[in-house]
file model-v1.cif (mmCIF, C-alpha atoms)
data_entry
loop_
_atom_site.label_atom_id
_atom_site.label_comp_id
_atom_site.auth_asym_id
_atom_site.auth_seq_id
_atom_site.Cartn_x
_atom_site.Cartn_y
_atom_site.Cartn_z
CA MET C 1 234.57 50.85 -50.40
CA SER C 2 233.69 49.69 -46.92
CA ARG C 3 235.42 47.82 -44.14
CA LEU C 4 234.31 45.92 -41.06
CA ALA C 5 233.48 48.11 -38.09
CA ASP C 6 235.25 47.62 -34.80
CA GLU C 7 233.28 45.95 -32.03
CA ALA C 8 232.48 49.15 -30.11
CA LEU C 9 230.98 50.83 -33.17
CA ALA C 10 229.19 47.68 -34.30
CA SER C 11 227.61 47.17 -30.87
CA ALA C 12 226.37 50.78 -30.73
CA VAL C 13 224.88 50.56 -34.24
CA ARG C 14 223.13 47.23 -33.52
CA ALA C 15 221.67 48.62 -30.29
CA THR C 16 220.25 51.59 -32.20
CA LEU C 17 218.88 50.16 -35.45
CA PRO C 18 215.65 48.16 -35.78
CA GLN C 19 215.95 44.41 -36.24
CA THR C 20 216.86 42.92 -39.59
CA ILE C 21 214.18 41.14 -41.59
CA PHE C 22 215.38 37.71 -40.45
CA GLY C 23 216.22 38.78 -36.90
CA THR C 24 219.96 38.24 -37.30
CA PRO C 25 222.50 40.79 -35.99
CA TRP C 26 223.47 43.54 -38.40
CA ASP C 27 226.76 43.06 -40.24
CA VAL C 28 228.12 46.56 -39.64
CA ARG C 29 230.51 48.06 -42.16
CA VAL C 30 232.21 51.47 -42.24
CA THR C 31 232.57 53.85 -45.17
CA ASP C 32 234.26 57.22 -45.56
CA ASP C 33 231.74 58.47 -48.15
CA ILE C 34 228.30 59.63 -47.01
CA ASP C 35 226.68 58.54 -50.27
CA HIS C 36 228.02 54.99 -49.84
CA ALA C 37 226.16 54.57 -46.56
CA GLY C 38 223.14 52.30 -46.78
CA ALA C 39 221.72 48.91 -45.94
CA ASP C 40 220.77 45.62 -47.54
CA PHE C 41 217.86 44.31 -45.51
CA TYR C 42 218.02 40.76 -46.87
CA SER C 43 221.74 40.19 -46.33
CA GLY C 44 221.71 42.19 -43.08
CA VAL C 45 224.62 44.42 -44.13
CA VAL C 46 224.55 48.04 -43.01
CA ARG C 47 227.13 50.66 -43.95
CA VAL C 48 227.57 53.65 -41.65
CA HIS C 49 229.86 56.63 -41.95
CA GLU C 50 233.15 56.40 -40.09
CA THR C 51 232.14 59.38 -37.93
CA TRP C 52 228.82 57.79 -36.90
CA LEU C 53 229.66 57.65 -33.19
CA GLN C 54 230.58 61.34 -33.00
CA SER C 55 228.30 62.94 -35.58
CA ILE C 56 225.17 60.87 -34.91
CA HIS C 57 225.25 58.74 -31.77
CA LYS C 58 226.83 61.26 -29.39
CA SER C 59 224.84 64.10 -30.97
CA ARG C 60 221.53 62.39 -30.03
CA LEU C 61 220.63 61.87 -33.69
CA SER C 62 220.46 58.07 -33.64
CA TYR C 63 216.68 58.18 -34.07
CA VAL C 64 214.75 61.20 -35.36
CA THR C 65 211.10 61.05 -36.46
CA ARG C 66 211.08 57.43 -37.69
CA HIS C 67 214.55 57.83 -39.23
CA TYR C 68 217.76 56.07 -38.21
CA PRO C 69 220.65 58.10 -39.69
CA LEU C 70 223.57 56.08 -41.04
CA ALA C 71 225.56 59.09 -42.23
CA ILE C 72 225.03 62.81 -42.07
CA GLY C 73 226.65 65.81 -43.68
CA PRO C 74 227.37 69.22 -42.19
CA PHE C 75 224.47 71.24 -40.83
CA GLU C 76 223.69 74.49 -42.60
CA GLU C 77 221.44 77.34 -41.57
CA ALA C 78 217.95 77.16 -43.06
CA GLU C 79 217.02 79.77 -45.63
CA PRO C 80 215.03 82.80 -44.39
CA GLN C 81 211.28 82.59 -44.85
CA LEU C 82 209.39 85.16 -46.92
CA ILE C 83 206.17 86.15 -45.14
CA PRO C 84 203.53 88.63 -46.42
CA HIS C 85 202.94 91.37 -43.85
CA ASN C 86 200.93 94.60 -44.22
CA GLY C 87 201.11 94.53 -47.98
CA CYS C 88 204.85 93.86 -47.97
CA THR C 89 207.01 90.77 -47.82
CA GLU C 90 209.18 90.24 -44.76
CA CYS C 91 212.27 88.07 -44.77
CA ARG C 92 212.38 86.26 -41.44
CA ARG C 93 215.31 84.22 -40.24
CA ARG C 94 214.50 80.69 -39.11
CA PRO C 95 216.56 79.47 -36.11
CA VAL C 96 217.02 76.04 -37.67
CA THR C 97 219.95 74.15 -39.17
CA VAL C 98 219.58 71.31 -41.68
CA GLY C 99 221.81 68.40 -42.60
CA ARG C 100 221.53 65.96 -45.48
CA ALA C 101 221.63 62.34 -44.34
CA ILE C 102 221.32 58.75 -45.45
CA THR C 103 218.82 57.00 -43.20
CA ILE C 104 216.81 53.88 -42.59
CA GLN C 105 213.18 54.90 -42.27
CA ARG C 106 210.41 52.96 -40.58
CA SER C 107 207.39 53.02 -42.87
CA PHE C 108 204.28 54.55 -41.33
CA ALA C 109 200.82 54.06 -42.83
CA GLY C 110 197.27 54.12 -41.58
CA GLY C 111 198.25 55.57 -38.23
CA GLN C 112 200.71 52.81 -37.35
CA PHE C 113 204.10 51.41 -38.29
CA SER C 114 203.85 48.98 -41.20
CA GLY C 115 207.06 47.17 -40.28
CA ALA C 116 208.70 47.96 -43.62
CA LEU C 117 212.11 49.62 -43.70
CA ILE C 118 213.26 52.05 -46.38
CA VAL C 119 216.80 53.29 -46.95
CA GLY C 120 217.57 56.53 -48.74
CA GLU C 121 218.26 60.24 -48.54
CA ALA C 122 216.58 62.35 -45.88
CA PHE C 123 217.03 65.72 -44.22
CA ILE C 124 217.42 66.26 -40.50
CA ALA C 125 216.54 69.67 -39.10
CA ARG C 126 217.19 70.84 -35.58
CA SER C 127 216.75 74.06 -33.65
CA ASN C 128 219.80 76.12 -32.79
CA GLU C 129 219.35 75.14 -29.13
CA ASP C 130 219.08 71.42 -30.11
CA HIS C 131 215.80 71.09 -28.19
CA ASP C 132 213.73 70.11 -31.23
CA MET C 133 214.55 67.84 -34.18
CA PHE C 134 212.63 66.58 -37.18
CA ALA C 135 213.51 64.33 -40.12
CA ASP C 136 211.83 63.87 -43.49
CA ARG C 137 212.59 62.99 -47.09
CA ASN C 138 211.51 66.53 -47.95
CA ARG C 139 213.89 69.25 -46.76
CA GLU C 140 211.22 71.92 -46.27
CA ILE C 141 208.94 69.57 -44.33
CA ALA C 142 211.82 68.79 -41.96
CA ILE C 143 212.38 72.52 -41.37
CA LYS C 144 208.66 73.16 -40.84
CA GLY C 145 208.53 70.30 -38.33
CA VAL C 146 211.12 72.03 -36.16
CA MET C 147 209.47 75.44 -36.59
CA THR C 148 206.14 73.98 -35.46
CA ALA C 149 207.80 72.56 -32.35
CA LEU C 150 209.48 75.91 -31.66
CA HIS C 151 206.17 77.78 -31.97
CA SER C 152 204.45 75.28 -29.68
CA ARG C 153 207.22 75.69 -27.12
CA ALA C 154 206.95 79.49 -27.31
CA TRP C 155 203.16 79.43 -26.85
CA LYS C 156 203.52 77.09 -23.88
CA ARG C 157 206.05 79.42 -22.25
CA LEU C 158 203.65 82.33 -22.76
CA ALA C 159 200.71 80.38 -21.32
CA ASP C 160 202.81 79.25 -18.34
CA ALA C 161 203.93 82.83 -17.68
CA ARG C 162 200.34 84.10 -17.74
CA ALA C 163 199.17 81.30 -15.45
CA LEU C 164 202.00 82.03 -13.01
CA THR C 165 201.13 85.74 -12.96
CA GLU C 166 197.49 84.93 -12.21
CA LEU C 167 198.53 82.49 -9.48
CA ARG C 168 200.80 85.07 -7.84
CA ASP C 169 197.98 87.63 -7.83
CA LEU C 170 195.58 85.09 -6.33
CA ALA C 171 198.10 83.93 -3.73
CA LEU C 172 198.86 87.51 -2.71
CA GLY C 173 195.16 88.08 -2.05
CA VAL C 174 194.92 84.87 -0.04
CA VAL C 175 197.95 85.72 2.11
CA THR C 176 196.69 89.25 2.70
CA ARG C 177 193.33 87.90 3.85
CA MET C 178 194.84 85.33 6.22
CA GLY C 179 194.46 86.46 9.80
CA SER C 180 192.50 89.57 8.86
CA GLN C 181 189.58 88.65 11.15
CA ARG C 182 191.66 88.65 14.34
CA PRO C 183 194.41 91.02 15.51
CA TYR C 184 197.75 89.26 15.94
CA ASP C 185 200.52 90.82 17.98
CA ALA C 186 204.12 90.07 18.88
CA SER C 187 203.06 87.18 21.09
CA THR C 188 201.71 85.16 18.16
CA CYS C 189 205.07 83.77 17.09
CA ILE C 190 205.44 81.01 14.52
CA CYS C 191 208.38 78.62 14.22
CA LEU C 192 210.56 79.43 11.21
CA LEU C 193 211.94 75.94 10.62
CA PRO C 194 209.44 74.94 7.88
CA TYR C 195 209.87 78.29 6.13
CA ASP C 196 213.62 77.89 5.70
CA ARG C 197 212.94 75.62 2.73
CA LEU C 198 209.64 77.17 1.59
CA LEU C 199 210.80 80.76 1.13
CA PRO C 200 213.54 82.21 -1.09
CA SER C 201 216.88 82.17 0.72
CA ALA C 202 217.04 85.97 0.99
CA THR C 203 213.64 86.11 2.71
CA ALA C 204 214.42 83.18 4.99
CA ASP C 205 217.73 84.79 5.99
CA LYS C 206 215.96 88.07 6.77
CA LEU C 207 213.46 86.31 9.05
CA ARG C 208 216.25 84.46 10.82
CA TYR C 209 217.98 87.79 11.36
CA TYR C 210 214.83 89.19 12.97
CA GLU C 211 214.70 86.13 15.22
CA ARG C 212 218.34 86.55 16.30
CA LEU C 213 217.62 90.11 17.41
CA GLN C 214 215.48 88.60 20.20
CA ILE C 215 213.04 91.49 20.14
CA TYR C 216 210.01 89.23 20.36
CA PRO C 217 208.77 87.59 23.57
CA GLN C 218 208.81 84.08 22.11
CA GLU C 219 210.99 82.04 19.78
CA GLY C 220 210.03 82.49 16.14
CA ILE C 221 208.46 85.38 14.26
CA PRO C 222 205.08 87.06 14.88
CA PHE C 223 202.49 86.08 12.32
CA PRO C 224 201.97 89.64 10.94
CA VAL C 225 205.70 89.93 10.17
CA LEU C 226 205.81 86.48 8.59
CA ARG C 227 202.71 87.18 6.53
CA GLN C 228 204.17 90.41 5.14
CA GLU C 229 207.48 88.79 4.22
CA CYS C 230 205.64 85.93 2.52
CA ALA C 231 203.53 88.40 0.54
CA ASP C 232 206.68 90.21 -0.61
CA ALA C 233 208.35 86.93 -1.61
CA ILE C 234 205.45 85.49 -3.63
CA VAL C 235 206.22 87.65 -6.67
CA PHE C 236 209.57 85.84 -7.02
CA MET C 237 208.32 82.29 -6.42
CA GLU C 238 207.28 79.53 -8.82
CA ARG C 239 203.99 77.63 -8.88
CA ASP C 240 204.86 74.65 -6.67
CA GLU C 241 206.70 76.86 -4.19
CA ILE C 242 203.67 79.14 -3.85
CA LEU C 243 201.28 76.24 -3.29
CA SER C 244 203.50 74.73 -0.61
CA LEU C 245 203.82 78.09 1.13
CA LEU C 246 200.06 78.70 1.15
CA LEU C 247 199.34 75.28 2.59
CA ARG C 248 201.90 75.83 5.34
CA LEU C 249 200.54 79.28 6.17
CA SER C 250 197.00 77.91 6.26
CA PHE C 251 198.12 75.19 8.68
CA ASP C 252 199.94 77.65 10.96
CA ILE C 253 197.05 80.13 11.08
CA SER C 254 194.72 77.26 11.99
CA GLU C 255 197.07 76.24 14.80
CA LEU C 256 197.10 79.81 16.12
CA GLN C 257 193.32 79.98 16.06
CA ASN C 258 193.04 76.64 17.85
CA SER C 259 195.39 77.90 20.55
CA PHE C 260 193.18 80.96 21.05
CA VAL C 261 190.15 78.73 21.41
CA GLY C 262 191.93 76.56 23.96
CA ASN C 263 193.18 79.50 26.00
CA ASN C 264 190.21 81.84 25.81
CA GLY C 265 187.28 79.60 25.02
CA ASP C 266 186.39 82.00 22.21
CA SER C 267 185.75 80.17 18.99
CA GLY C 268 185.33 83.30 16.87
CA ASP C 269 185.07 82.80 13.12
CA LEU C 270 187.77 80.20 12.50
CA SER C 271 186.80 79.48 8.92
CA SER C 272 187.20 83.09 7.81
CA ASN C 273 190.99 82.97 8.00
CA ARG C 274 191.56 79.59 6.40
CA LEU C 275 192.10 78.70 2.77
CA THR C 276 188.62 78.16 1.35
CA ASP C 277 187.74 75.20 -0.85
CA GLU C 278 187.21 77.55 -3.81
CA GLU C 279 190.61 79.17 -3.35
CA PHE C 280 192.33 75.81 -2.98
CA ALA C 281 190.65 74.54 -6.16
CA LEU C 282 191.90 77.58 -8.08
CA LEU C 283 195.42 77.04 -6.83
CA VAL C 284 195.66 73.40 -7.89
#

call {"tool": "encode", "arguments": {"input": "model-v1.cif", "output": "C-alpha cells"}}
result
Amino acid sequence: MSRLADEALASAVRATLPQTIFGTPWDVRVTDDIDHAGADFYSGVVRVHETWLQSIHKSRLSYVTRHYPLAIGPFEEAEPQLIPHNGCTECRRRPVTVGRAITIQRSFAGGQFSGALIVGEAFIARSNEDHDMFADRNREIAIKGVMTALHSRAWKRLADARALTELRDLALGVVTRMGSQRPYDASTCICLLPYDRLLPSATADKLRYYERLQIYPQEGIPFPVLRQECADAIVFMERDEILSLLLRLSFDISELQNSFVGNNGDSGDLSSNRLTDEEFALLV
C-alpha cells in the first residue's frame, strides 16, 4: 500500500527525478516496503520508500551512474575477492559496501542517452570512505565499478607523490643555485613581508625572530639566511606553494642584482642567478 507524500518529500523527489513522459509533475507516493517502490511512467505515479529523504537524498545517493534510487536496503560489505598469486589463491578484502535498490534508470545506448526510462532492481556500491559510488543491474559490476575508481584514485595519489618529490628536488637545486655567482653578506637584506604567507608558519616565525634580534644592519633578513631557510622548508611544501616561493625568490634576487648595478656600475652576470626558462618550464 502507498500513501500521498507530504509536500517537502514530494518537492525533493520531483527536483531529483527526470521528467515524466508527458512533462507533468510526478505524483509522489510513499511506501514502507522496498519492493513496492516503483514508477508508472504513463500515469506519472512514483512510489518511494518512506525513508527516501534520509537513506537516499541526504546520503548523496539521489543519482548514481544513470540510476535514480527510489528505495534502498541496508548496505553490506562486499565479499572478498579470490586472486591467483604465485601459484596460490589469495583472499583479498574489498573496501566496498553494496545495497540492493529499486531505481529508475536512464537508458544509455550508442554512446548517448536514449531518453527511455526503466524501473527495476539495481545494486548500488560505494567505497567505505563514500568517495566513489557505482550502480548497475548486476551486483558484481557495481562492485567492480567502485574498485576501478579506487584503483584510479590510488594510482593518481602515487603519481602526484612522485611528481611532488621530483619538484622538491628540482626546486632545491634552483634555490641553492640562486645567488651563487655573487657573494651576499649581511647588508643584502630582503623584506620578509611577502614570505610570511609563502613559507610554512614555523619557518616564517623563525625568520621574524631573527629580524627581532636586530643583529643585521638593515631591516629584513640577509639573502643567504633567507635562501637557506627556504631550502629547508621546501621539503615540507606543496606544489603551488613551491612555485610561488621560487617566483618570489627569483624576483628578489633580480632586485638585489639591479641594486648592485645601480650602485657599483658593475653588471656582472645577472642572468646566471635568475630562474632560467628551462627551469621555469619544468616547474609549471

call {"tool": "resolve_selection", "arguments": {"input": "model-v1.cif", "expression": "the PyMOL selection byres ((chain C and resi 7-24) around 12)", "output": "PyMOL selection string"}}
result
chain C and resi 3-6+25-30+39-54+56-58+60-64+66-71+103-107+115-118

call {"tool": "residues_around", "arguments": {"input": "model-v1.cif", "residues": "C:Glu76", "least_positions_apart": "3", "cutoff": "10 Å", "atoms": "all atoms listed in the file", "output": "list in words"}}
result
Gly73, Glu79, Val96, Thr97, Val98, Gly99, Arg100 and Ala125 of chain C

call {"tool": "closest_residue", "arguments": {"input": "model-v1.cif", "among": "C:Leu207, C:Ile234, C:Ile215, C:Ile190", "to": "C:Ile253", "atoms": "all atoms listed in the file"}}
result
C:Ile190

call {"tool": "residues_near_point", "arguments": {"input": "model-v1.cif", "point": "(203.7, 85.7, 6.7)", "cutoff": "10 Å", "atoms": "only C-alpha atoms", "output": "list of chain:residue names"}}
result
C:Val175, C:Thr176, C:Met178, C:Gly179, C:Ile190, C:Tyr195, C:Ile221, C:Pro222, C:Phe223, C:Pro224, C:Val225, C:Leu226, C:Arg227, C:Gln228, C:Glu229, C:Cys230, C:Ala231, C:Asp232, C:Ala233, C:Leu245, C:Leu246, C:Leu249, C:Asp252, C:Ile253

call {"tool": "resolve_selection", "arguments": {"input": "model-v1.cif", "expression": "the PyMOL selection byres ((chain C and resi 148) around 12)", "output": "list in words"}}
result
Arg94, Pro95, Val96, Ala125, Arg126, Ser127, Asp132, Met133, Phe134, Ile141, Ala142, Ile143, Lys144, Gly145, Val146, Met147, Ala149, Leu150, His151, Ser152, Arg153, Ala154 and Trp155 of chain C

call {"tool": "resolve_selection", "arguments": {"input": "model-v1.cif", "expression": "the PyMOL selection byres ((chain C and resi 244) around 12)", "output": "PyMOL selection string"}}
result
chain C and resi 171+194-195+197-199+230+234+237-243+245-251+280+283-284

call {"tool": "closest_residue", "arguments": {"input": "model-v1.cif", "among": "C:Leu158, C:Leu193, C:Leu213, C:Ala78", "to": "C:Glu140", "atoms": "all atoms listed in the file"}}
result
C:Ala78

call {"tool": "atom_distance", "arguments": {"input": "model-v1.cif", "atom1": "atom CA of C:Thr165", "atom2": "atom CA of C:Lys206"}}
result
24.8 Å

call {"tool": "atom_distance", "arguments": {"input": "model-v1.cif", "atom1": "atom CA of C:Leu164", "atom2": "atom CA of C:Asp205"}}
result
24.8 Å

call {"tool": "atom_distance", "arguments": {"input": "model-v1.cif", "atom1": "atom CA of C:Val174", "atom2": "atom CA of C:Arg208"}}
result
23.9 Å

call {"tool": "closest_residue", "arguments": {"input": "model-v1.cif", "among": "C:Glu255, C:Asp160, C:Gln218, C:Thr65", "to": "C:Ala135", "atoms": "only C-alpha atoms"}}
result
C:Thr65
